[in-house]
$ cat query.txt   # compact mmCIF, N, CA and C atoms
# COMPACT_ATOMS: atom_id res chain seq x y z
N MET H 1 95.33 85.10 80.54
CA MET H 1 95.67 86.45 80.13
C MET H 1 97.17 86.50 79.83
N SER H 2 97.55 87.05 78.75
CA SER H 2 98.95 87.14 78.38
C SER H 2 99.64 88.21 79.21
N THR H 3 100.96 88.09 79.28
CA THR H 3 101.73 89.07 80.04
C THR H 3 101.56 90.47 79.46
N ALA H 4 101.47 90.57 78.13
CA ALA H 4 101.31 91.88 77.49
C ALA H 4 100.01 92.55 77.92
N GLY H 5 98.97 91.75 78.18
CA GLY H 5 97.68 92.31 78.58
C GLY H 5 97.49 92.37 80.08
N TYR H 6 98.53 92.10 80.83
CA TYR H 6 98.42 92.07 82.29
C TYR H 6 98.20 93.47 82.83
N CYS H 7 97.42 93.58 83.87
CA CYS H 7 97.06 94.90 84.38
C CYS H 7 98.11 95.45 85.33
N SER H 8 98.28 96.74 85.26
CA SER H 8 99.17 97.44 86.18
C SER H 8 98.44 97.64 87.51
N ALA H 9 99.14 98.12 88.51
CA ALA H 9 98.51 98.36 89.81
C ALA H 9 97.36 99.35 89.67
N ARG H 10 97.54 100.40 88.89
CA ARG H 10 96.49 101.39 88.69
C ARG H 10 95.28 100.77 87.99
N ASP H 11 95.56 99.97 86.94
CA ASP H 11 94.47 99.28 86.25
C ASP H 11 93.76 98.32 87.18
N SER H 12 94.54 97.64 88.03
CA SER H 12 93.96 96.66 88.95
C SER H 12 92.97 97.33 89.90
N ILE H 13 93.34 98.46 90.46
CA ILE H 13 92.46 99.19 91.37
C ILE H 13 91.18 99.56 90.64
N LYS H 14 91.33 100.07 89.43
CA LYS H 14 90.17 100.46 88.63
C LYS H 14 89.28 99.25 88.35
N LYS H 15 89.88 98.12 87.99
CA LYS H 15 89.12 96.92 87.69
C LYS H 15 88.41 96.36 88.92
N VAL H 16 89.08 96.43 90.07
CA VAL H 16 88.45 95.97 91.31
C VAL H 16 87.21 96.80 91.61
N LEU H 17 87.33 98.12 91.48
CA LEU H 17 86.19 98.99 91.76
C LEU H 17 85.06 98.76 90.75
N GLU H 18 85.41 98.55 89.49
CA GLU H 18 84.39 98.25 88.48
C GLU H 18 83.71 96.92 88.79
N ALA H 19 84.50 95.91 89.18
CA ALA H 19 83.93 94.60 89.50
C ALA H 19 83.01 94.69 90.71
N SER H 20 83.36 95.54 91.67
CA SER H 20 82.52 95.65 92.87
C SER H 20 81.15 96.24 92.54
N LYS H 21 81.06 97.03 91.47
CA LYS H 21 79.78 97.62 91.07
C LYS H 21 78.87 96.58 90.42
N THR H 22 79.47 95.58 89.78
CA THR H 22 78.67 94.60 89.04
C THR H 22 78.39 93.33 89.83
N VAL H 23 78.99 93.21 90.99
CA VAL H 23 78.77 92.01 91.80
C VAL H 23 77.34 92.01 92.31
N GLY H 24 76.71 90.87 92.25
CA GLY H 24 75.33 90.74 92.71
C GLY H 24 75.25 90.80 94.22
N VAL H 25 74.30 90.11 94.75
CA VAL H 25 74.08 90.10 96.19
C VAL H 25 75.23 89.38 96.89
N VAL H 26 75.85 90.07 97.81
CA VAL H 26 76.90 89.49 98.63
C VAL H 26 76.39 89.50 100.06
N ASP H 27 76.53 88.40 100.73
CA ASP H 27 76.06 88.27 102.11
C ASP H 27 76.71 89.35 102.98
N GLU H 28 75.89 90.11 103.68
CA GLU H 28 76.41 91.17 104.55
C GLU H 28 77.34 90.62 105.62
N GLN H 29 77.13 89.39 106.05
CA GLN H 29 78.01 88.79 107.05
C GLN H 29 79.43 88.65 106.50
N VAL H 30 79.54 88.37 105.21
CA VAL H 30 80.87 88.28 104.59
C VAL H 30 81.53 89.65 104.60
N LEU H 31 80.78 90.67 104.24
CA LEU H 31 81.35 92.02 104.19
C LEU H 31 81.76 92.50 105.57
N ARG H 32 81.07 92.06 106.60
CA ARG H 32 81.41 92.48 107.96
C ARG H 32 82.66 91.79 108.51
N ARG H 33 83.20 90.86 107.75
CA ARG H 33 84.44 90.20 108.15
C ARG H 33 85.68 91.07 107.87
N PHE H 34 85.47 92.19 107.17
CA PHE H 34 86.59 93.06 106.84
C PHE H 34 86.83 94.06 107.97
N VAL H 35 88.10 94.23 108.31
CA VAL H 35 88.49 95.12 109.40
C VAL H 35 89.54 96.09 108.86
N LYS H 36 89.25 97.36 108.99
CA LYS H 36 90.23 98.39 108.64
C LYS H 36 91.12 98.60 109.86
N VAL H 37 92.41 98.50 109.64
CA VAL H 37 93.37 98.60 110.74
C VAL H 37 93.99 99.99 110.74
N ASN H 38 93.79 100.72 111.82
CA ASN H 38 94.39 102.04 111.98
C ASN H 38 95.52 101.95 113.00
N VAL H 39 96.58 102.71 112.75
CA VAL H 39 97.71 102.76 113.67
C VAL H 39 97.91 104.21 114.05
N GLN H 40 97.95 104.45 115.33
CA GLN H 40 98.10 105.80 115.84
C GLN H 40 99.37 106.44 115.26
N GLY H 41 99.21 107.59 114.64
CA GLY H 41 100.34 108.34 114.10
C GLY H 41 100.84 107.86 112.75
N ALA H 42 100.13 106.93 112.10
CA ALA H 42 100.57 106.43 110.78
C ALA H 42 99.40 106.48 109.81
N ASP H 43 99.70 106.80 108.58
CA ASP H 43 98.67 106.85 107.54
C ASP H 43 98.81 105.60 106.67
N LEU H 44 98.22 104.51 107.13
CA LEU H 44 98.30 103.22 106.43
C LEU H 44 96.93 102.86 105.89
N ASN H 45 96.90 102.09 104.83
CA ASN H 45 95.63 101.62 104.29
C ASN H 45 95.68 100.10 104.26
N THR H 46 95.61 99.51 105.43
CA THR H 46 95.69 98.06 105.57
C THR H 46 94.39 97.53 106.15
N TRP H 47 93.93 96.45 105.58
CA TRP H 47 92.71 95.79 106.03
C TRP H 47 93.03 94.33 106.31
N VAL H 48 92.19 93.71 107.12
CA VAL H 48 92.31 92.27 107.36
C VAL H 48 90.94 91.66 107.11
N TYR H 49 90.93 90.59 106.32
CA TYR H 49 89.72 89.79 106.15
C TYR H 49 89.81 88.68 107.17
N MET H 50 88.84 88.61 108.07
CA MET H 50 88.84 87.60 109.12
C MET H 50 87.88 86.49 108.72
N GLY H 51 88.41 85.50 108.04
CA GLY H 51 87.61 84.42 107.51
C GLY H 51 87.41 83.29 108.49
N PRO H 52 86.49 82.39 108.16
CA PRO H 52 86.21 81.25 109.03
C PRO H 52 87.36 80.25 109.11
N SER H 53 88.22 80.24 108.07
CA SER H 53 89.33 79.28 108.09
C SER H 53 90.69 79.97 108.03
N GLY H 54 90.72 81.28 108.16
CA GLY H 54 91.98 82.00 108.17
C GLY H 54 91.80 83.47 107.86
N ASP H 55 92.82 84.23 108.15
CA ASP H 55 92.79 85.67 107.95
C ASP H 55 93.72 86.05 106.80
N TYR H 56 93.40 87.16 106.13
CA TYR H 56 94.21 87.65 105.02
C TYR H 56 94.47 89.14 105.19
N VAL H 57 95.67 89.56 104.86
CA VAL H 57 96.03 90.97 104.84
C VAL H 57 95.69 91.51 103.47
N ILE H 58 95.07 92.69 103.44
CA ILE H 58 94.65 93.30 102.18
C ILE H 58 95.12 94.75 102.14
N VAL H 59 95.70 95.11 101.00
CA VAL H 59 95.94 96.51 100.67
C VAL H 59 94.98 96.77 99.51
N PRO H 60 93.94 97.56 99.74
CA PRO H 60 92.86 97.70 98.77
C PRO H 60 93.32 97.97 97.33
N GLY H 61 92.79 97.15 96.42
CA GLY H 61 93.08 97.30 95.01
C GLY H 61 94.46 96.88 94.57
N VAL H 62 95.30 96.43 95.52
CA VAL H 62 96.69 96.15 95.18
C VAL H 62 97.14 94.75 95.59
N PHE H 63 96.80 94.30 96.79
CA PHE H 63 97.37 93.07 97.32
C PHE H 63 96.41 92.36 98.27
N CYS H 64 96.44 91.03 98.23
CA CYS H 64 95.76 90.19 99.21
C CYS H 64 96.69 89.01 99.49
N SER H 65 96.74 88.58 100.72
CA SER H 65 97.64 87.48 101.08
C SER H 65 97.02 86.10 100.86
N CYS H 66 95.85 86.02 100.22
CA CYS H 66 95.24 84.71 99.96
C CYS H 66 95.99 83.97 98.85
N SER H 67 95.82 82.66 98.81
CA SER H 67 96.53 81.85 97.82
C SER H 67 96.03 82.12 96.39
N ASP H 68 94.75 82.46 96.22
CA ASP H 68 94.24 82.77 94.90
C ASP H 68 94.98 83.97 94.31
N PHE H 69 95.21 84.99 95.12
CA PHE H 69 95.95 86.16 94.65
C PHE H 69 97.38 85.76 94.29
N THR H 70 98.02 85.00 95.16
CA THR H 70 99.41 84.58 94.92
C THR H 70 99.54 83.74 93.66
N ILE H 71 98.63 82.78 93.49
CA ILE H 71 98.74 81.85 92.37
C ILE H 71 98.22 82.45 91.07
N ARG H 72 96.97 82.91 91.07
CA ARG H 72 96.33 83.31 89.82
C ARG H 72 96.59 84.75 89.40
N VAL H 73 96.80 85.63 90.37
CA VAL H 73 97.04 87.03 90.03
C VAL H 73 98.53 87.28 89.80
N VAL H 74 99.34 86.90 90.78
CA VAL H 74 100.78 87.16 90.68
C VAL H 74 101.50 86.10 89.85
N GLY H 75 101.23 84.84 90.17
CA GLY H 75 101.97 83.76 89.51
C GLY H 75 101.60 83.53 88.06
N ARG H 76 100.35 83.18 87.81
CA ARG H 76 99.90 82.84 86.46
C ARG H 76 99.41 84.03 85.64
N ARG H 77 99.16 85.14 86.33
CA ARG H 77 98.66 86.35 85.67
C ARG H 77 97.37 86.09 84.90
N GLU H 78 96.49 85.30 85.51
CA GLU H 78 95.21 84.97 84.89
C GLU H 78 94.16 86.06 85.09
N LYS H 79 94.31 86.83 86.16
CA LYS H 79 93.35 87.88 86.46
C LYS H 79 94.04 88.97 87.26
N CYS H 80 93.33 90.06 87.52
CA CYS H 80 93.92 91.23 88.18
C CYS H 80 93.60 91.33 89.67
N TYR H 81 92.70 90.50 90.17
CA TYR H 81 92.30 90.61 91.56
C TYR H 81 91.67 89.31 92.03
N CYS H 82 91.60 89.13 93.32
CA CYS H 82 90.91 87.99 93.92
C CYS H 82 89.56 88.47 94.47
N LYS H 83 88.75 87.54 94.91
CA LYS H 83 87.42 87.91 95.42
C LYS H 83 87.51 88.78 96.67
N HIS H 84 88.57 88.63 97.46
CA HIS H 84 88.69 89.43 98.68
C HIS H 84 88.88 90.91 98.37
N LEU H 85 89.62 91.21 97.29
CA LEU H 85 89.80 92.61 96.90
C LEU H 85 88.47 93.23 96.46
N VAL H 86 87.67 92.46 95.73
CA VAL H 86 86.36 92.95 95.30
C VAL H 86 85.45 93.13 96.50
N GLU H 87 85.41 92.12 97.37
CA GLU H 87 84.54 92.20 98.56
C GLU H 87 84.97 93.31 99.50
N GLN H 88 86.28 93.56 99.61
CA GLN H 88 86.75 94.65 100.46
C GLN H 88 86.25 95.98 99.92
N ALA H 89 86.32 96.16 98.59
CA ALA H 89 85.83 97.40 97.98
C ALA H 89 84.34 97.57 98.24
N LEU H 90 83.58 96.47 98.14
CA LEU H 90 82.14 96.51 98.45
C LEU H 90 81.90 96.84 99.91
N SER H 91 82.66 96.20 100.77
CA SER H 91 82.53 96.42 102.21
C SER H 91 82.75 97.89 102.56
N GLU H 92 83.79 98.46 101.98
CA GLU H 92 84.10 99.87 102.24
C GLU H 92 83.02 100.78 101.66
N LYS H 93 82.60 100.49 100.45
CA LYS H 93 81.58 101.31 99.78
C LYS H 93 80.26 101.31 100.55
N ARG H 94 79.89 100.14 101.07
CA ARG H 94 78.62 100.01 101.80
C ARG H 94 78.74 100.30 103.29
N GLY H 95 79.95 100.56 103.76
CA GLY H 95 80.15 100.85 105.18
C GLY H 95 79.93 99.65 106.08
N LEU H 96 80.13 98.45 105.54
CA LEU H 96 79.90 97.22 106.30
C LEU H 96 81.23 96.60 106.74
N TYR H 97 81.97 97.35 107.49
CA TYR H 97 83.26 96.87 107.99
C TYR H 97 83.46 97.40 109.40
N ARG H 98 84.45 96.85 110.07
CA ARG H 98 84.77 97.31 111.41
C ARG H 98 86.14 97.99 111.38
N VAL H 99 86.38 98.81 112.36
CA VAL H 99 87.65 99.53 112.46
C VAL H 99 88.28 99.19 113.79
N VAL H 100 89.58 98.89 113.75
CA VAL H 100 90.33 98.64 114.97
C VAL H 100 91.50 99.61 115.01
N ASP H 101 91.62 100.31 116.12
CA ASP H 101 92.75 101.23 116.32
C ASP H 101 93.81 100.51 117.14
N LEU H 102 94.98 100.37 116.54
CA LEU H 102 96.11 99.77 117.25
C LEU H 102 96.92 100.88 117.88
N GLY H 103 97.45 100.62 119.06
CA GLY H 103 98.14 101.65 119.81
C GLY H 103 99.53 101.98 119.32
N SER H 104 100.16 101.05 118.59
CA SER H 104 101.53 101.29 118.18
C SER H 104 101.84 100.57 116.88
N PHE H 105 102.92 101.00 116.25
CA PHE H 105 103.38 100.35 115.03
C PHE H 105 103.84 98.92 115.33
N ASP H 106 104.40 98.70 116.53
CA ASP H 106 104.81 97.35 116.93
C ASP H 106 103.62 96.40 116.98
N GLU H 107 102.49 96.90 117.46
CA GLU H 107 101.28 96.07 117.51
C GLU H 107 100.79 95.76 116.09
N TYR H 108 100.91 96.71 115.20
CA TYR H 108 100.56 96.53 113.78
C TYR H 108 101.43 95.43 113.16
N ILE H 109 102.72 95.50 113.40
CA ILE H 109 103.65 94.49 112.88
C ILE H 109 103.31 93.12 113.46
N LYS H 110 102.92 93.08 114.72
CA LYS H 110 102.53 91.81 115.35
C LYS H 110 101.32 91.20 114.65
N VAL H 111 100.32 92.03 114.33
CA VAL H 111 99.13 91.56 113.62
C VAL H 111 99.52 90.99 112.26
N LEU H 112 100.31 91.74 111.50
CA LEU H 112 100.75 91.27 110.18
C LEU H 112 101.53 89.96 110.30
N ASN H 113 102.42 89.91 111.24
CA ASN H 113 103.23 88.70 111.44
C ASN H 113 102.36 87.49 111.77
N GLU H 114 101.35 87.69 112.60
CA GLU H 114 100.44 86.59 112.94
C GLU H 114 99.70 86.08 111.71
N VAL H 115 99.21 86.99 110.88
CA VAL H 115 98.49 86.58 109.67
C VAL H 115 99.42 85.82 108.73
N PHE H 116 100.61 86.34 108.50
CA PHE H 116 101.52 85.71 107.55
C PHE H 116 102.13 84.41 108.06
N THR H 117 102.29 84.26 109.36
CA THR H 117 102.92 83.03 109.87
C THR H 117 101.93 82.00 110.40
N GLN H 118 100.79 82.46 110.94
CA GLN H 118 99.84 81.54 111.54
C GLN H 118 98.51 81.50 110.80
N ASN H 119 98.33 82.38 109.82
CA ASN H 119 97.08 82.50 109.06
C ASN H 119 95.90 82.90 109.95
N LEU H 120 96.21 83.51 111.09
CA LEU H 120 95.18 83.93 112.04
C LEU H 120 95.80 84.97 112.97
N THR H 121 95.09 86.04 113.23
CA THR H 121 95.61 87.05 114.14
C THR H 121 94.81 87.09 115.44
N SER H 122 95.38 86.52 116.46
CA SER H 122 94.72 86.53 117.77
C SER H 122 94.73 87.94 118.37
N THR H 123 95.75 88.72 118.07
CA THR H 123 95.85 90.09 118.58
C THR H 123 94.68 90.94 118.09
N LEU H 124 94.39 90.88 116.81
CA LEU H 124 93.30 91.67 116.25
C LEU H 124 91.95 91.15 116.74
N ARG H 125 91.81 89.85 116.84
CA ARG H 125 90.55 89.27 117.34
C ARG H 125 90.29 89.70 118.79
N LYS H 126 91.33 89.72 119.62
CA LYS H 126 91.16 90.17 121.01
C LYS H 126 90.72 91.63 121.05
N LYS H 127 91.33 92.45 120.19
CA LYS H 127 90.94 93.88 120.14
C LYS H 127 89.48 94.04 119.74
N LEU H 128 89.02 93.22 118.80
CA LEU H 128 87.64 93.32 118.33
C LEU H 128 86.64 92.87 119.38
N TYR H 129 86.97 91.83 120.09
CA TYR H 129 85.97 91.20 120.95
C TYR H 129 86.11 91.53 122.43
N THR H 130 87.03 92.40 122.79
CA THR H 130 87.16 92.80 124.20
C THR H 130 86.99 94.30 124.37
N ARG H 131 86.19 94.89 123.53
CA ARG H 131 85.97 96.34 123.61
C ARG H 131 85.11 96.68 124.79

$ encode --input "query.txt" --output "structure tokens"
Amino acid sequence: MSTAGYCSARDSIKKVLEASKTVGVVDEQVLRRFVKVNVQGADLNTWVYMGPSGDYVIVPGVFCSCSDFTIRVVGRREKCYCKHLVEQALSEKRGLYRVVDLGSFDEYIKVLNEVFTQNLTSTLRKKLYTR
């Protein structure tokens, strides 16, 4: 895709939602790997994909921390979204996701830091599995 035809953030969100409508059967187990992260007293729209080989931070329709997004969407401008953005939209649309409430903004920053530095968030996993 040429730079002139590259999609804006608004176009990207629209394209992700359109792509989610045309995607065939997606394993429900994959969609359940998405976690919406809530922070008490903050209006954030942050999700985490908890994959078998690593976790990714997602801002729906705008950003994913996976290498495909970094290389092909941002770097080469070959496409407007990665599969995680499409699957997140599907997960949200079908209600096949989990929600974790974090007690503080510091805990939120800790989760993000773990994903970006270790590719895995033990803090979020503990919250999910020790309810």

$ closest_residue --input "query.txt" --among "H:Glu18, H:Leu44, H:Thr70, H:Tyr56" --to "Val115 (chain H)" --atoms "only C-alpha atoms"
H:Tyr56

$ closest_residue --input "query.txt" --among "H:Asn113, H:Ser65, H:Gln40, H:Ser53" --to "Leu85 (chain H)" --atoms "only C-alpha atoms"
H:Ser65

$ select_by_dssp --input "query.txt" --residues "chain H" --states "strand (DSSP E or B)" --output "PyMOL selection string"
chain H and resi 34-39+42-50+55-59+63-64+98-102

$ atom_distance --input "query.txt" --atom1 "CA of Thr46 (chain H)" --atom2 "atom N of Val59 (chain H)"
5.4 Å

$ atom_distance --input "query.txt" --atom1 "CA of Lys15 (chain H)" --atom2 "atom C of Arg72 (chain H)"
14.4 Å

$ closest_residue --input "query.txt" --among "H:Tyr108, H:Phe69, H:Phe34, H:Tyr49" --to "Leu120 (chain H)" --atoms "only C-alpha atoms"
H:Tyr49

$ closest_residue --input "query.txt" --among "H:Glu92, H:Asp106, H:Val100, H:Asp27" --to "Leu128 (chain H)" --atoms "only C-alpha atoms"
H:Val100

$ closest_residue --input "query.txt" --among "H:Val62, H:Cys80, H:Leu102, H:Leu124" --to "Val39 (chain H)" --atoms "only C-alpha atoms"
H:Leu102

$ decode --input "query.txt" --residues "region 5-111 of chain H" --atoms "C-alpha atoms" --output "mmCIF file, in the first residue's frame"
data_model
loop_
_atom_site.group_PDB
_atom_site.id
_atom_site.type_symbol
_atom_site.label_atom_id
_atom_site.label_comp_id
_atom_site.auth_asym_id
_atom_site.auth_seq_id
_atom_site.Cartn_x
_atom_site.Cartn_y
_atom_site.Cartn_z
ATOM 1 C CA GLY H 5 -3.341 5.429 0.294
ATOM 2 C CA TYR H 6 -2.432 4.750 3.912
ATOM 3 C CA CYS H 7 -5.323 4.782 6.325
ATOM 4 C CA SER H 8 -5.813 7.341 9.049
ATOM 5 C CA ALA H 9 -6.684 6.316 12.606
ATOM 6 C CA ARG H 10 -10.381 6.928 11.890
ATOM 7 C CA ASP H 11 -10.209 4.885 8.682
ATOM 8 C CA SER H 12 -8.329 2.155 10.530
ATOM 9 C CA ILE H 13 -11.057 1.807 13.161
ATOM 10 C CA LYS H 14 -13.683 1.650 10.435
ATOM 11 C CA LYS H 15 -11.688 -0.956 8.488
ATOM 12 C CA VAL H 16 -11.126 -3.091 11.590
ATOM 13 C CA LEU H 17 -14.856 -3.125 12.321
ATOM 14 C CA GLU H 18 -15.656 -3.947 8.683
ATOM 15 C CA ALA H 19 -13.068 -6.751 8.698
ATOM 16 C CA SER H 20 -14.536 -8.180 11.899
ATOM 17 C CA LYS H 21 -17.911 -8.541 10.148
ATOM 18 C CA THR H 22 -16.444 -10.562 7.286
ATOM 19 C CA VAL H 23 -14.191 -12.839 9.309
ATOM 20 C CA GLY H 24 -15.334 -16.436 9.231
ATOM 21 C CA VAL H 25 -15.390 -18.780 12.164
ATOM 22 C CA VAL H 26 -12.954 -17.747 14.870
ATOM 23 C CA ASP H 27 -12.309 -20.119 17.731
ATOM 24 C CA GLU H 28 -14.147 -18.870 20.821
ATOM 25 C CA GLN H 29 -11.123 -19.812 22.926
ATOM 26 C CA VAL H 30 -9.088 -17.247 20.991
ATOM 27 C CA LEU H 31 -11.689 -14.551 21.597
ATOM 28 C CA ARG H 32 -11.749 -15.349 25.317
ATOM 29 C CA ARG H 33 -8.050 -14.478 25.511
ATOM 30 C CA PHE H 34 -8.984 -10.784 25.350
ATOM 31 C CA VAL H 35 -9.178 -8.894 28.628
ATOM 32 C CA LYS H 36 -10.645 -5.436 29.019
ATOM 33 C CA VAL H 37 -8.669 -3.570 31.653
ATOM 34 C CA ASN H 38 -10.580 -1.136 33.852
ATOM 35 C CA VAL H 39 -8.914 1.281 36.247
ATOM 36 C CA GLN H 40 -10.852 2.736 39.113
ATOM 37 C CA GLY H 41 -11.498 6.426 38.485
ATOM 38 C CA ALA H 42 -10.123 6.448 34.908
ATOM 39 C CA ASP H 43 -11.876 6.234 31.564
ATOM 40 C CA LEU H 44 -9.398 4.133 29.564
ATOM 41 C CA ASN H 45 -10.010 1.811 26.644
ATOM 42 C CA THR H 46 -7.142 -0.626 27.024
ATOM 43 C CA TRP H 47 -7.255 -4.337 26.364
ATOM 44 C CA VAL H 48 -4.708 -7.119 26.709
ATOM 45 C CA TYR H 49 -4.529 -10.169 24.491
ATOM 46 C CA MET H 50 -3.193 -13.005 26.627
ATOM 47 C CA GLY H 51 -1.640 -15.331 24.102
ATOM 48 C CA PRO H 52 0.022 -18.707 24.533
ATOM 49 C CA SER H 53 3.448 -17.255 23.739
ATOM 50 C CA GLY H 54 3.050 -13.679 24.961
ATOM 51 C CA ASP H 55 0.721 -10.832 25.783
ATOM 52 C CA TYR H 56 -0.110 -7.729 23.727
ATOM 53 C CA VAL H 57 -1.519 -4.352 24.695
ATOM 54 C CA ILE H 58 -4.375 -3.225 22.462
ATOM 55 C CA VAL H 59 -6.132 0.090 22.028
ATOM 56 C CA PRO H 60 -9.141 -0.953 19.931
ATOM 57 C CA GLY H 61 -8.953 0.081 16.294
ATOM 58 C CA VAL H 62 -5.762 2.057 16.853
ATOM 59 C CA PHE H 63 -2.812 0.112 18.282
ATOM 60 C CA CYS H 64 -1.487 -3.356 19.090
ATOM 61 C CA SER H 65 1.920 -4.102 20.571
ATOM 62 C CA CYS H 66 2.451 -7.207 18.391
ATOM 63 C CA SER H 67 5.322 -7.306 15.906
ATOM 64 C CA ASP H 68 2.954 -7.611 12.919
ATOM 65 C CA PHE H 69 1.417 -4.249 13.810
ATOM 66 C CA THR H 70 4.843 -2.672 14.337
ATOM 67 C CA ILE H 71 6.341 -4.037 11.124
ATOM 68 C CA ARG H 72 3.518 -4.228 8.595
ATOM 69 C CA VAL H 73 1.113 -1.554 9.821
ATOM 70 C CA VAL H 74 3.428 1.134 11.168
ATOM 71 C CA GLY H 75 6.725 0.360 9.461
ATOM 72 C CA ARG H 76 5.908 -0.833 5.944
ATOM 73 C CA ARG H 77 2.358 0.540 5.807
ATOM 74 C CA GLU H 78 1.179 -2.634 4.089
ATOM 75 C CA LYS H 79 -2.129 -2.768 5.944
ATOM 76 C CA CYS H 80 -4.221 -0.864 8.484
ATOM 77 C CA TYR H 81 -4.540 -3.441 11.261
ATOM 78 C CA CYS H 82 -3.240 -6.732 12.624
ATOM 79 C CA LYS H 83 -5.287 -9.844 13.385
ATOM 80 C CA HIS H 84 -5.419 -8.952 17.094
ATOM 81 C CA LEU H 85 -7.296 -5.712 16.365
ATOM 82 C CA VAL H 86 -9.849 -7.615 14.279
ATOM 83 C CA GLU H 87 -10.199 -10.394 16.864
ATOM 84 C CA GLN H 88 -10.551 -7.846 19.676
ATOM 85 C CA ALA H 89 -13.430 -6.173 17.802
ATOM 86 C CA LEU H 90 -15.049 -9.603 17.349
ATOM 87 C CA SER H 91 -14.467 -10.478 20.983
ATOM 88 C CA GLU H 92 -16.128 -7.265 22.134
ATOM 89 C CA LYS H 93 -19.003 -7.574 19.669
ATOM 90 C CA ARG H 94 -19.741 -11.164 20.726
ATOM 91 C CA GLY H 95 -19.180 -10.514 24.439
ATOM 92 C CA LEU H 96 -16.469 -13.183 24.589
ATOM 93 C CA TYR H 97 -13.947 -11.373 26.741
ATOM 94 C CA ARG H 98 -13.088 -10.983 30.385
ATOM 95 C CA VAL H 99 -12.893 -7.818 32.448
ATOM 96 C CA VAL H 100 -10.338 -7.080 35.130
ATOM 97 C CA ASP H 101 -10.694 -4.135 37.485
ATOM 98 C CA LEU H 102 -7.376 -2.751 38.640
ATOM 99 C CA GLY H 103 -7.355 -0.864 41.909
ATOM 100 C CA SER H 104 -5.040 1.950 40.897
ATOM 101 C CA PHE H 105 -3.364 3.702 38.016
ATOM 102 C CA ASP H 106 -0.012 2.440 39.374
ATOM 103 C CA GLU H 107 -1.229 -1.133 38.961
ATOM 104 C CA TYR H 108 -2.298 -0.303 35.390
ATOM 105 C CA ILE H 109 1.173 1.070 34.613
ATOM 106 C CA LYS H 110 2.694 -2.078 36.116
ATOM 107 C CA VAL H 111 0.609 -4.271 33.772
#
